[in-house]
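Read through the structure below, which is laid out as structure tokens, and then see the notes.
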Amino acid sequence: MDEKEFYLFLKEAVLKALDNSRELSDSELMDYIQEELARQDKRFLLSLARRRQYAQTIFASFRRFGVLQELIEDEEVTEISVNGPMHIFYEKAGKLKRFSKYFAGEEELADLIQTICAGSNRMVNEASPIVDTRLPDNSRVNIVLNPISLDGSAISIRKFSKEPMRMKTLLAYGSLSEEIALFLEKLVAAGYNIFVSGGTGSGKTTFLNALSEYIPKDERVITIEDSAELQLNGIENLVRLETRTAGFDGVTPIEIRDLIKTALRMRPDRVLIGECRGPEALDLLSANNTGHSGSMGTGHANSTHDMLSRLETMVLMGAEIPISAIRAQIASGIDIFIHLGRMRDKSRKVLEIAELDGIVAGEIQLNVLYRFAETGEKEGRILGRWDMAGKLHHREKWEAAGF
């Protein structure tokens with residue numbers, strides 16, 4: 001009997017021994033596991049360390065996240081990728097590594113997936129094989145079931161720090177300069193509408209969390225997300241809204257567009273949208289253009305110019321509007337773009353800050369305010385500086401705030 005077969009044998013033995021007539025506490029479940037291991041020890045002569053390892057693994061498979069529990073508890077692990085039951089990878093200190101453990105089979109992996117989804121009232125099945133959800137600690141989770149994922153069900157987990165990210169931490173990481181941090185603090189306090197763009201893993205959500213500490217504490221803030229991830233700093237009057245997928249009988253899906261419309265009836269001072277992916281971009285722009293200054297959002301893009309094009313495309317997904325009208329909405333609804341990037345040394349930096357400076361000959365003009373310039377490399381770390389490329393043109397909000 002190999003290790004995998006032995007684990008399945010032990011788990012099945014514990015299942016048969018359990019008292020299924022009532023809900024067991026964690027300590028009671030562990031007692032059942034220890035008793036079963038003691039019985040099997042007479043046959044297999046397990047060492048004390050081996051018994052402890054099997055006890056922890058079996059307990060995690062019942063109550064927590066199975067073989068992934070160790071990675072989820074490791075605060076230095078930032079990404080976890082499950083490619084079927086036998087292939088688990090994780091990112092730690094910017095390096096991707098293969099995990100030595102694996103699931104006993106597709107069935108155990110499927111059980112874990114249902115546990116994750118149940119914890120956030122989501123549903124995934126053959127009819128709806130793709131779902132975005134989150135763990136109790138707000139880690140982002142994407143799940144794709146077999147057979148859509150050909151080599152077994154896939155799970156992607158993006159972990160976040162348990163403590164909300166603060167700007168001083170980003171400064172310590174070298175993600176931006178003190179001059180830029182002070183400039184952004186004034187922009188947020190003055191109520192400029194800010195849109196954060198960047199590629200996958202560039203730190204958009206983290207940066208939005210850090211920016212939130214500059215929001216005046218007496219303002220009412222509403223966040224809108226597919227899966228709640230934002231951990232805002234020090235906002236007391238806060239309402240967090242999350243979308244809901246269809247799947248359960250009689251359950252109506254609630255999309256970001258629905259939540260934006262609802263949020264505007266809740267008297268917000270600011271609306272923060274976790275990520276724009278589709279036609280909700282039109283509702284975000286409409287909200288920004290109807291008196292909700294200081295709103296923020298994020299979106300995937302390779303550059304600031306690319307984000308402009310993507311916003312136009314996303315608006316067109318929701319309504320057939322002339323491109324000139326869309327550009328007018330963007331130019332008046334968003335004041336500042338902040339573009340982030342993940343460098344080849346795995347560090348995350350502010351690459352560009354640009355002001356939307358009106359429309360000329362039908363094209364939105366960008367006034368670049370700051371740009372990161374790479375100056376070299378030392379001991380594997382990228383060196384550089386942030387150059388001021390221009391000055392803020394639209395100063396109405398700035399001056400109204402007393403700056």
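Chain labels run A, B, ... following the order of the structure tokens; each chain numbers its residues from 1, and ligands are numbered from 1 in the order shown.
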Next item on the list: Enumerate the residues of segment 66-116 of chain A with a DSSP assignment of alpha helix (DSSP H), computed from the backbone, and present them as a count of residues only.
Entry: 16
Once you count only C-alpha atoms, what closest atom pair and distance in Å to one decimal does each residue of segment 95-126 of chain A within 10 Å of segment 230-245 of chain A have, with rows by chain and rising residue number, as a tab-separated table?
residue	atom	partner	partner_atom	distance
A:Ser120	CA	A:Arg244	CA	10.0
A:Asn121	CA	A:Arg244	CA	8.5
A:Arg122	CA	A:Thr245	CA	7.0
A:Met123	CA	A:Thr245	CA	7.7
A:Val124	CA	A:Thr245	CA	9.7
Against segment 336-360 of chain A, which residues of segment 115-216 of chain A fall within 8 Å? For each one I want the closest pair of atoms and the distance in Å (one decimal), counting only C-alpha atoms, rows by chain and increasing residue number, as CSV.
residue,atom,partner,partner_atom,distance
A:Tyr173,CA,A:Ser347,CA,8.0
A:Gly174,CA,A:Lys349,CA,7.2
A:Ser175,CA,A:Lys349,CA,4.1
A:Leu176,CA,A:Val350,CA,5.8
A:Tyr192,CA,A:Ile336,CA,7.1
A:Asn193,CA,A:Ile336,CA,6.4
A:Ile194,CA,A:Ile336,CA,4.8
A:Phe195,CA,A:Phe337,CA,5.0
A:Val196,CA,A:Ile338,CA,4.8
A:Ser197,CA,A:His339,CA,4.8
A:Gly198,CA,A:Leu340,CA,4.8
A:Gly199,CA,A:Gly341,CA,6.5
A:Gly201,CA,A:Arg342,CA,6.9
A:Ser202,CA,A:Arg342,CA,4.9
A:Gly203,CA,A:Arg348,CA,6.7
A:Lys204,CA,A:Leu340,CA,7.1
Next item on the list: Go through A:Glu36, A:Glu28, A:Glu5, A:Glu163 one by one, measure the shortest atom-to-atom distance of each to Phe103 of chain A using only C-alpha atoms, and give the residue with the smallest value.
Entry: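 Distance minimum relative to Phe103 of chain A lands on A:Glu5.
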For segment 106-110 of chain A: contacts at 7 Å, only C-alpha atoms, fewer than 4 positions along chain excluded, given as a short mmCIF file (atom, residue, chain, number, x, y, z; two decimals) with N, CA and C atoms, in the first residue's frame:
data_model
loop_
_atom_site.label_atom_id
_atom_site.label_comp_id
_atom_site.auth_asym_id
_atom_site.auth_seq_id
_atom_site.Cartn_x
_atom_site.Cartn_y
_atom_site.Cartn_z
N PRO A 85 -5.66 17.34 -9.54
CA PRO A 85 -5.34 16.85 -8.20
C PRO A 85 -3.86 16.60 -7.93
N GLN A 114 -16.25 22.57 -3.46
CA GLN A 114 -17.59 22.82 -2.93
C GLN A 114 -17.51 23.48 -1.55
N GLY A 152 -8.08 18.23 -15.21
CA GLY A 152 -8.58 18.22 -13.84
C GLY A 152 -8.97 19.62 -13.41
#
Margin query: Taking only C-alpha atoms into account, name the residue in A:Val77, A:Gly402, A:Ile130, A:Glu219 that is nearest to Ser161 of chain A.
Written below: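 Among the listed residues, the smallest separation from Ser161 of chain A belongs to A:Val77.
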Margin query: Which of segment 136-250 of chain A end up as strand (DSSP E or B) when DSSP is run on this backbone - answer as a ChimeraX atom specification?
Written below: /A:140-144,154-158,194-198,221-225,238-242,244
Write out the residues from the selection above, keeping N, CA, C and O atoms, as an mmCIF file, in the first residue's frame.
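That gives us out16.cif:
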data_model
loop_
_atom_site.group_PDB
_atom_site.id
_atom_site.type_symbol
_atom_site.label_atom_id
_atom_site.label_comp_id
_atom_site.auth_asym_id
_atom_site.auth_seq_id
_atom_site.Cartn_x
_atom_site.Cartn_y
_atom_site.Cartn_z
ATOM 1 N N ARG A 140 -8.582 36.016 -3.076
ATOM 2 C CA ARG A 140 -9.373 35.864 -4.302
ATOM 3 C C ARG A 140 -9.214 34.446 -4.851
ATOM 4 O O ARG A 140 -8.116 33.900 -4.900
ATOM 5 N N VAL A 141 -10.332 33.854 -5.291
ATOM 6 C CA VAL A 141 -10.307 32.487 -5.805
ATOM 7 C C VAL A 141 -11.024 32.421 -7.148
ATOM 8 O O VAL A 141 -12.125 32.957 -7.301
ATOM 9 N N ASN A 142 -10.388 31.779 -8.115
ATOM 10 C CA ASN A 142 -11.036 31.467 -9.386
ATOM 11 C C ASN A 142 -11.033 29.953 -9.551
ATOM 12 O O ASN A 142 -10.001 29.303 -9.323
ATOM 13 N N ILE A 143 -12.176 29.390 -9.942
ATOM 14 C CA ILE A 143 -12.313 27.935 -10.070
ATOM 15 C C ILE A 143 -12.851 27.598 -11.454
ATOM 16 O O ILE A 143 -13.803 28.231 -11.930
ATOM 17 N N VAL A 144 -12.229 26.615 -12.103
ATOM 18 C CA VAL A 144 -12.700 26.093 -13.387
ATOM 19 C C VAL A 144 -12.784 24.573 -13.254
ATOM 20 O O VAL A 144 -11.776 23.911 -12.988
ATOM 21 N N ALA A 154 -9.298 23.203 -11.875
ATOM 22 C CA ALA A 154 -8.227 24.152 -11.590
ATOM 23 C C ALA A 154 -8.694 25.190 -10.579
ATOM 24 O O ALA A 154 -9.811 25.687 -10.652
ATOM 25 N N ILE A 155 -7.816 25.495 -9.629
ATOM 26 C CA ILE A 155 -8.080 26.542 -8.631
ATOM 27 C C ILE A 155 -6.921 27.531 -8.664
ATOM 28 O O ILE A 155 -5.753 27.127 -8.644
ATOM 29 N N SER A 156 -7.235 28.807 -8.715
ATOM 30 C CA SER A 156 -6.215 29.858 -8.625
ATOM 31 C C SER A 156 -6.561 30.741 -7.432
ATOM 32 O O SER A 156 -7.659 31.301 -7.371
ATOM 33 N N ILE A 157 -5.640 30.857 -6.494
ATOM 34 C CA ILE A 157 -5.866 31.637 -5.275
ATOM 35 C C ILE A 157 -4.859 32.776 -5.210
ATOM 36 O O ILE A 157 -3.647 32.542 -5.268
ATOM 37 N N ARG A 158 -5.346 33.985 -5.146
ATOM 38 C CA ARG A 158 -4.500 35.177 -4.945
ATOM 39 C C ARG A 158 -4.675 35.623 -3.497
ATOM 40 O O ARG A 158 -5.738 36.050 -3.091
ATOM 41 N N ILE A 194 -10.264 58.842 -9.731
ATOM 42 C CA ILE A 194 -9.000 58.167 -10.037
ATOM 43 C C ILE A 194 -9.280 56.757 -10.553
ATOM 44 O O ILE A 194 -10.110 56.032 -9.991
ATOM 45 N N PHE A 195 -8.572 56.377 -11.605
ATOM 46 C CA PHE A 195 -8.690 55.029 -12.166
ATOM 47 C C PHE A 195 -7.301 54.396 -12.176
ATOM 48 O O PHE A 195 -6.355 54.966 -12.729
ATOM 49 N N VAL A 196 -7.187 53.220 -11.541
ATOM 50 C CA VAL A 196 -5.905 52.514 -11.431
ATOM 51 C C VAL A 196 -5.882 51.383 -12.452
ATOM 52 O O VAL A 196 -6.771 50.521 -12.454
ATOM 53 N N SER A 197 -4.876 51.370 -13.306
ATOM 54 C CA SER A 197 -4.765 50.325 -14.332
ATOM 55 C C SER A 197 -3.459 49.563 -14.163
ATOM 56 O O SER A 197 -2.534 50.002 -13.479
ATOM 57 N N GLY A 198 -3.383 48.406 -14.815
ATOM 58 C CA GLY A 198 -2.181 47.589 -14.750
ATOM 59 C C GLY A 198 -2.474 46.180 -15.212
ATOM 60 O O GLY A 198 -3.627 45.791 -15.379
ATOM 61 N N VAL A 221 -18.579 55.837 2.195
ATOM 62 C CA VAL A 221 -17.950 55.142 1.062
ATOM 63 C C VAL A 221 -18.690 53.832 0.805
ATOM 64 O O VAL A 221 -19.012 53.094 1.741
ATOM 65 N N ILE A 222 -18.933 53.550 -0.476
ATOM 66 C CA ILE A 222 -19.553 52.284 -0.872
ATOM 67 C C ILE A 222 -18.613 51.575 -1.840
ATOM 68 O O ILE A 222 -18.174 52.168 -2.835
ATOM 69 N N THR A 223 -18.274 50.333 -1.532
ATOM 70 C CA THR A 223 -17.435 49.539 -2.425
ATOM 71 C C THR A 223 -18.289 48.523 -3.161
ATOM 72 O O THR A 223 -19.239 47.969 -2.598
ATOM 73 N N ILE A 224 -17.934 48.283 -4.423
ATOM 74 C CA ILE A 224 -18.678 47.352 -5.276
ATOM 75 C C ILE A 224 -17.670 46.413 -5.932
ATOM 76 O O ILE A 224 -16.747 46.867 -6.622
ATOM 77 N N GLU A 225 -17.845 45.096 -5.724
ATOM 78 C CA GLU A 225 -16.877 44.139 -6.243
ATOM 79 C C GLU A 225 -17.565 42.841 -6.660
ATOM 80 O O GLU A 225 -18.633 42.497 -6.152
ATOM 81 N N LEU A 238 -18.898 52.806 6.026
ATOM 82 C CA LEU A 238 -18.541 51.976 4.870
ATOM 83 C C LEU A 238 -19.618 50.932 4.613
ATOM 84 O O LEU A 238 -20.074 50.241 5.526
ATOM 85 N N VAL A 239 -20.022 50.820 3.332
ATOM 86 C CA VAL A 239 -20.946 49.764 2.897
ATOM 87 C C VAL A 239 -20.240 48.955 1.821
ATOM 88 O O VAL A 239 -19.763 49.513 0.830
ATOM 89 N N ARG A 240 -20.165 47.646 2.010
ATOM 90 C CA ARG A 240 -19.489 46.769 1.051
ATOM 91 C C ARG A 240 -20.533 45.940 0.316
ATOM 92 O O ARG A 240 -21.300 45.203 0.936
ATOM 93 N N LEU A 241 -20.560 46.061 -1.013
ATOM 94 C CA LEU A 241 -21.514 45.329 -1.835
ATOM 95 C C LEU A 241 -20.771 44.316 -2.698
ATOM 96 O O LEU A 241 -19.681 44.593 -3.199
ATOM 97 N N GLU A 242 -21.383 43.161 -2.894
ATOM 98 C CA GLU A 242 -20.767 42.080 -3.662
ATOM 99 C C GLU A 242 -21.798 41.480 -4.610
ATOM 100 O O GLU A 242 -22.968 41.332 -4.252
ATOM 101 N N ARG A 244 -23.776 38.681 -7.019
ATOM 102 C CA ARG A 244 -24.269 37.341 -6.746
ATOM 103 C C ARG A 244 -24.540 36.649 -8.078
ATOM 104 O O ARG A 244 -25.152 37.224 -8.971
#
